[in-house]
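**Q** This is the content of my_file_31.cif (mmCIF, C-alpha atoms):
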```cif
data_data
loop_
_atom_site.label_atom_id
_atom_site.label_comp_id
_atom_site.auth_asym_id
_atom_site.auth_seq_id
_atom_site.Cartn_x
_atom_site.Cartn_y
_atom_site.Cartn_z
CA MET A 20 0.00 0.00 0.00
CA LEU A 21 2.74 2.48 0.96
CA ASP A 22 4.31 1.99 -2.47
CA LEU A 23 1.45 4.09 -3.85
CA TYR A 24 2.85 7.08 -1.99
CA HIS A 25 6.07 6.55 -3.94
CA GLY A 26 4.39 6.20 -7.32
CA LEU A 27 4.20 2.40 -7.59
CA TRP A 28 1.39 -0.13 -7.75
CA GLN A 29 2.30 -3.83 -7.55
CA GLY A 30 5.84 -2.87 -8.45
CA ILE A 31 4.88 -0.97 -11.61
CA PRO A 32 5.22 2.84 -11.85
CA LEU A 33 2.01 4.84 -12.00
CA THR A 34 1.26 7.02 -15.00
CA GLU A 35 0.00 10.59 -15.22
CA ALA A 36 -3.48 9.13 -15.82
CA ASP A 37 -3.45 7.54 -12.33
CA PHE A 38 -4.57 9.37 -9.19
CA ILE A 39 -4.36 8.55 -5.49
CA ILE A 40 -6.99 9.67 -3.00
CA SER A 41 -6.53 9.43 0.75
CA ALA A 42 -9.87 9.73 2.53
CA ASP A 43 -11.51 9.50 5.93
CA GLU A 44 -14.02 11.23 8.19
CA LYS A 45 -13.57 13.29 11.36
CA ARG A 46 -16.19 13.82 14.05
CA ILE A 47 -16.15 17.39 15.40
CA VAL A 48 -18.22 18.77 18.26
CA ALA A 49 -19.28 22.42 17.98
CA LEU A 50 -18.50 23.93 21.37
CA SER A 51 -18.49 27.52 22.56
CA VAL A 52 -16.46 28.67 25.54
CA ALA A 53 -16.28 31.98 27.33
CA GLN A 54 -13.06 33.89 26.70
CA ARG A 55 -11.57 35.37 29.86
CA GLN A 56 -8.66 37.15 28.20
CA ALA A 57 -8.10 37.86 24.52
CA ALA A 58 -4.81 36.86 22.94
CA ALA A 59 -2.32 39.72 22.61
CA ALA A 60 1.38 40.28 21.98
CA GLY A 61 3.25 38.26 24.58
CA HIS A 62 0.07 36.82 26.07
CA ILE A 63 -1.91 33.76 25.14
CA GLY A 64 -5.70 33.80 25.11
CA ARG A 65 -7.40 32.47 28.21
CA TYR A 66 -10.68 30.56 28.12
CA ASP A 67 -13.12 29.47 30.76
CA TYR A 68 -13.39 25.76 31.58
CA GLU A 69 -17.15 25.76 31.06
CA TYR A 70 -18.55 25.25 27.58
CA GLU A 71 -21.81 24.88 25.70
CA ARG A 72 -22.47 22.11 23.18
CA HIS A 73 -24.23 23.03 19.93
CA GLY A 74 -24.15 19.71 18.10
CA THR A 75 -21.83 17.50 16.08
CA VAL A 76 -20.51 17.74 12.54
CA MET A 77 -19.00 14.93 10.49
CA TYR A 78 -16.30 16.30 8.21
CA LEU A 79 -15.49 13.95 5.34
CA ALA A 80 -12.42 14.75 3.30
CA ALA A 81 -10.42 13.36 0.38
CA LEU A 82 -6.79 14.32 -0.25
CA ASP A 83 -5.28 14.05 -3.72
CA ILE A 84 -1.81 13.07 -2.58
CA ARG A 85 -0.11 13.91 -5.89
CA LYS A 86 -1.49 17.48 -5.92
CA GLY A 87 -2.04 18.07 -2.22
CA GLU A 88 -5.57 19.42 -2.71
CA ILE A 89 -8.54 18.67 -0.47
CA ILE A 90 -12.12 17.87 -1.47
CA GLY A 91 -14.35 17.89 1.59
CA ARG A 92 -17.96 17.99 2.69
CA THR A 93 -19.81 18.26 5.97
CA HIS A 94 -22.63 16.00 7.07
CA ASP A 95 -24.80 15.52 10.14
CA THR A 96 -23.99 11.80 10.40
CA THR A 97 -21.40 9.33 9.25
CA GLY A 98 -21.90 6.02 7.48
CA ILE A 99 -21.93 4.43 4.05
CA ASP A 100 -24.21 6.95 2.33
CA PRO A 101 -22.34 10.12 3.45
CA PHE A 102 -19.00 8.58 2.50
CA MET A 103 -20.28 7.55 -0.92
CA GLU A 104 -21.44 11.13 -1.41
CA LEU A 105 -17.83 12.19 -0.85
CA VAL A 106 -16.72 9.55 -3.35
CA SER A 107 -19.23 10.97 -5.84
CA ASP A 108 -17.95 14.51 -5.22
CA VAL A 109 -14.50 13.34 -6.32
CA MET A 110 -15.27 10.82 -9.04
CA THR A 111 -17.73 12.97 -10.99
CA ARG A 112 -15.29 15.82 -11.56
CA ALA A 113 -12.21 16.22 -13.72
CA PRO A 114 -9.64 14.74 -13.82
CA TYR A 115 -10.87 11.75 -11.80
CA GLN A 116 -13.92 11.05 -13.96
CA GLN A 117 -11.76 10.27 -16.99
CA ALA A 118 -8.75 8.90 -15.11
CA GLN A 119 -7.28 5.53 -15.95
CA ARG A 120 -7.28 4.54 -12.25
CA VAL A 121 -8.17 6.29 -9.02
CA PHE A 122 -6.80 4.56 -5.94
CA TRP A 123 -8.81 5.16 -2.74
CA ILE A 124 -6.72 4.67 0.40
CA VAL A 125 -9.01 4.15 3.39
CA ASP A 126 -8.91 2.54 6.82
CA ASN A 127 -11.16 -0.28 8.01
CA GLY A 128 -14.01 1.83 9.35
CA SER A 129 -17.61 0.73 8.85
CA ALA A 130 -18.28 3.35 6.15
CA HIS A 131 -15.59 1.78 3.95
CA HIS A 132 -15.12 -1.69 5.41
CA PRO A 133 -12.88 -4.13 3.47
CA SER A 134 -15.69 -6.66 3.15
CA THR A 135 -18.01 -4.31 1.25
CA PHE A 136 -16.31 -1.11 0.09
CA HIS A 137 -14.40 -2.55 -2.86
CA ASP A 138 -17.50 -3.91 -4.59
CA ARG A 139 -19.56 -0.84 -3.74
CA LEU A 140 -16.87 1.48 -5.12
CA THR A 141 -16.12 -0.35 -8.35
CA GLY A 142 -19.81 -1.07 -8.91
CA VAL A 143 -20.38 2.66 -9.39
CA TYR A 144 -16.94 3.76 -10.62
CA PRO A 145 -15.11 0.97 -12.53
CA ASN A 146 -11.88 3.00 -12.68
CA ALA A 147 -11.69 3.26 -8.86
CA ILE A 148 -9.64 0.84 -6.76
CA ALA A 149 -10.06 0.47 -2.97
CA VAL A 150 -6.82 0.12 -1.03
CA HIS A 151 -7.21 -0.63 2.69
CA LEU A 152 -4.69 0.15 5.39
CA PRO A 153 -3.54 -2.54 7.80
CA LYS A 154 -5.70 -2.78 10.92
CA HIS A 155 -4.92 -0.17 13.61
CA ALA A 156 -2.81 1.80 11.12
CA SER A 157 -4.94 4.85 10.36
CA TRP A 158 -1.85 6.97 10.97
CA LEU A 159 -0.55 5.75 7.60
CA ASN A 160 -3.37 7.58 5.84
CA GLN A 161 -2.12 10.96 4.62
CA ILE A 162 -5.52 12.57 5.17
CA GLU A 163 -4.74 12.34 8.89
CA ILE A 164 -1.95 14.87 8.35
CA TYR A 165 -4.47 17.32 6.97
CA PHE A 166 -6.82 16.62 9.89
CA SER A 167 -3.91 17.40 12.23
CA ILE A 168 -3.32 20.74 10.48
CA LEU A 169 -7.05 21.45 10.67
CA GLN A 170 -7.04 20.67 14.39
CA ARG A 171 -4.25 23.16 15.06
CA LYS A 172 -5.37 25.92 12.71
CA VAL A 173 -9.15 25.85 13.06
CA LEU A 174 -10.39 23.67 15.89
CA LYS A 175 -8.20 24.99 18.72
CA PRO A 176 -9.33 26.78 20.70
CA THR A 177 -12.75 25.17 20.35
CA ASP A 178 -15.11 28.12 20.10
CA PHE A 179 -18.02 27.99 17.64
CA SER A 180 -21.31 29.79 18.05
CA ASP A 181 -23.28 26.95 16.43
CA VAL A 182 -23.03 24.09 13.92
CA ALA A 183 -23.40 26.48 10.98
CA ASP A 184 -20.41 28.49 12.23
CA LEU A 185 -18.30 25.33 12.48
CA LYS A 186 -19.27 24.19 8.98
CA TRP A 187 -18.48 27.62 7.52
CA LYS A 188 -15.01 27.64 9.12
CA LEU A 189 -14.24 24.13 7.89
CA GLU A 190 -15.23 25.02 4.34
CA SER A 191 -13.43 28.38 4.45
CA PHE A 192 -10.20 26.83 5.69
CA GLU A 193 -10.38 24.15 3.01
CA ALA A 194 -10.66 26.82 0.30
CA ILE A 195 -7.74 28.80 1.72
CA TYR A 196 -5.63 25.66 2.12
CA ASN A 197 -6.17 24.64 -1.50
CA GLU A 198 -4.86 27.97 -2.76
CA THR A 199 -1.32 26.96 -1.78
CA ALA A 200 -1.73 23.19 -1.45
CA LYS A 201 1.22 20.96 -2.23
CA PRO A 202 1.93 17.25 -1.66
CA PHE A 203 3.24 16.08 1.69
CA ASN A 204 6.86 14.95 1.68
CA TRP A 205 6.16 11.33 2.62
CA LYS A 206 9.25 9.18 3.25
CA PHE A 207 7.91 6.19 5.22
CA THR A 208 8.06 3.03 3.05
CA ASP A 209 6.82 -0.55 3.11
CA SER A 210 10.28 -1.61 4.27
CA ASP A 211 10.11 0.82 7.18
CA LEU A 212 6.70 -0.57 8.15
CA LYS A 213 7.93 -4.18 8.04
CA GLN A 214 10.90 -3.25 10.22
CA ARG A 215 8.61 -1.57 12.71
CA PHE A 216 6.34 -4.61 12.89
CA GLU A 217 9.36 -6.88 13.32
CA HIS A 218 10.59 -4.70 16.17
CA ILE A 219 7.17 -4.83 17.84
CA ASP A 220 7.03 -8.61 17.45
CA LYS A 221 10.50 -9.05 18.95
CA THR A 222 9.64 -6.72 21.84
CA LEU A 223 6.40 -8.54 22.62
CA TYR A 224 8.05 -11.94 22.27
CA GLY A 225 10.81 -10.86 24.63
CA LEU A 226 8.28 -9.69 27.20
CA LYS A 227 6.37 -12.98 27.00
CA LYS A 228 9.56 -14.94 27.58
#
```
Can the structure in the file be given as structure tokens, please?
**A**
Amino acid sequence: MLDLYHGLWQGIPLTEADFIISADEKRIVALSVAQRQAAAAGHIGRYDYEYERHGTVMYLAALDIRKGEIIGRTHDTTGIDPFMELVSDVMTRAPYQQAQRVFWIVDNGSAHHPSTFHDRLTGVYPNAIAVHLPKHASWLNQIEIYFSILQRKVLKPTDFSDVADLKWKLESFEAIYNETAKPFNWKFTDSDLKQRFEHIDKTLYGLKK
């Protein structure tokens, strides 16, 4: 799977007609907190410990890892249908609609489970290929890097007047991000992953002994 990040599929180089999408969903709670002191030069902002909940937003996002651009959407719930709407958002636009292959890197969540997602995806979009991460390895999905940036730039401190405010800020940040988007400099390889697993196995085996 990690070979895709380095431009290979089953040992064969990808072409310019191939695209790689890294996708997942993020659950975000819209909270508002009282600010006790505004941020200023030399002083961080201070916020009260009490907060008010306004609801939850599911943010579904797809990262084109070769261009670095994000295609996202917000939804009230998660599940198969919302995720397939994200898939449709990507696959019905250029250049993905006419691409030779579009690889979808996803984890093993219920919205894109290995037992069902492949057939569901290719049944609608024959040029799409589902590629699942190893179990408990969501951190290998590059979309998580974008979610981390989003967390730092938009979601902290958590202060949204309502769900509509949260959705607007997510969409606005996505638009701004795409203006200067570029691919992540990914260096972790399949060999690195195998070495890490071997180290874990040896450590666990040593502990059991």
**Q** Do a neighbour search on stretch 130-134 of chain A at 9 Å with only C-alpha atoms, toss out local chain neighbours closer than 6 positions, and write the hits as a PyMOL selection string.
**A** chain A and resi 43+97-103+149-151
**Q** Can you list, as a PDB file with C-alpha atoms, in the coordinates of the input, the residues that the PyMOL selection byres ((chain A and resi 164-178) around 8) selects here?
**A**
```pdb
ATOM      1  CA  LYS A  45     -13.570  13.290  11.360  1.00  0.00           C
ATOM      2  CA  ALA A  49     -19.280  22.420  17.980  1.00  0.00           C
ATOM      3  CA  LEU A  50     -18.500  23.930  21.370  1.00  0.00           C
ATOM      4  CA  SER A  51     -18.490  27.520  22.560  1.00  0.00           C
ATOM      5  CA  VAL A  52     -16.460  28.670  25.540  1.00  0.00           C
ATOM      6  CA  ASN A 160      -3.370   7.580   5.840  1.00  0.00           C
ATOM      7  CA  GLN A 161      -2.120  10.960   4.620  1.00  0.00           C
ATOM      8  CA  ILE A 162      -5.520  12.570   5.170  1.00  0.00           C
ATOM      9  CA  GLU A 163      -4.740  12.340   8.890  1.00  0.00           C
ATOM     10  CA  PHE A 179     -18.020  27.990  17.640  1.00  0.00           C
ATOM     11  CA  SER A 180     -21.310  29.790  18.050  1.00  0.00           C
ATOM     12  CA  LYS A 188     -15.010  27.640   9.120  1.00  0.00           C
ATOM     13  CA  LEU A 189     -14.240  24.130   7.890  1.00  0.00           C
ATOM     14  CA  PHE A 192     -10.200  26.830   5.690  1.00  0.00           C
TER      15      PHE A 192
END
```
**Q** My list of candidates is A:Asp95, A:Ile90, A:Gln29, A:Leu23. Which is closest to A:Leu185 when distances are computed with only C-alpha atoms?
**A** A:Asp95
**Q** One decimal, Å: what's the distance from atom CA of A:Gly26 over to atom CA of A:Thr199, could you say?
**A**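 We find that atom CA of A:Gly26 and atom CA of A:Thr199 lie 22.2 Å from each other.
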**Q** Which residues, named as in the file, does the PyMOL selection byres ((chain A and resi 143) around 12) pick out? Answer as a ChimeraX atom specification.
**A** /A:103-104,106-107,110-111,116,136-142,144-148
**Q** Can you turn the PyMOL selection byres ((chain A and resi 193) around 10) into a concrete residue list for this file, as number ranges by chain?
**A** A: 80, 88-92, 165, 169, 187-192, 194-198, 200
**Q** Have a look at A:Asp184, A:Asp108, A:Glu44, A:Asp37 and name the one nearest to A:Val125; count all atoms listed in the file.
**A**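 Looking at the shortest contact to A:Val125, the residue is A:Glu44.
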**Q** Can you work out which one of A:Ala156, A:Asp181, A:Ile84, A:Lys201 has the shortest atom-to-atom distance to A:Ile39, counting all atoms listed in the file?
**A**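 Smallest distance to A:Ile39 is found for A:Ile84.
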**Q** Mind pulling up the distance from atom CA of A:Pro202 to atom CA of A:Leu79?
**A** 19.1 Å
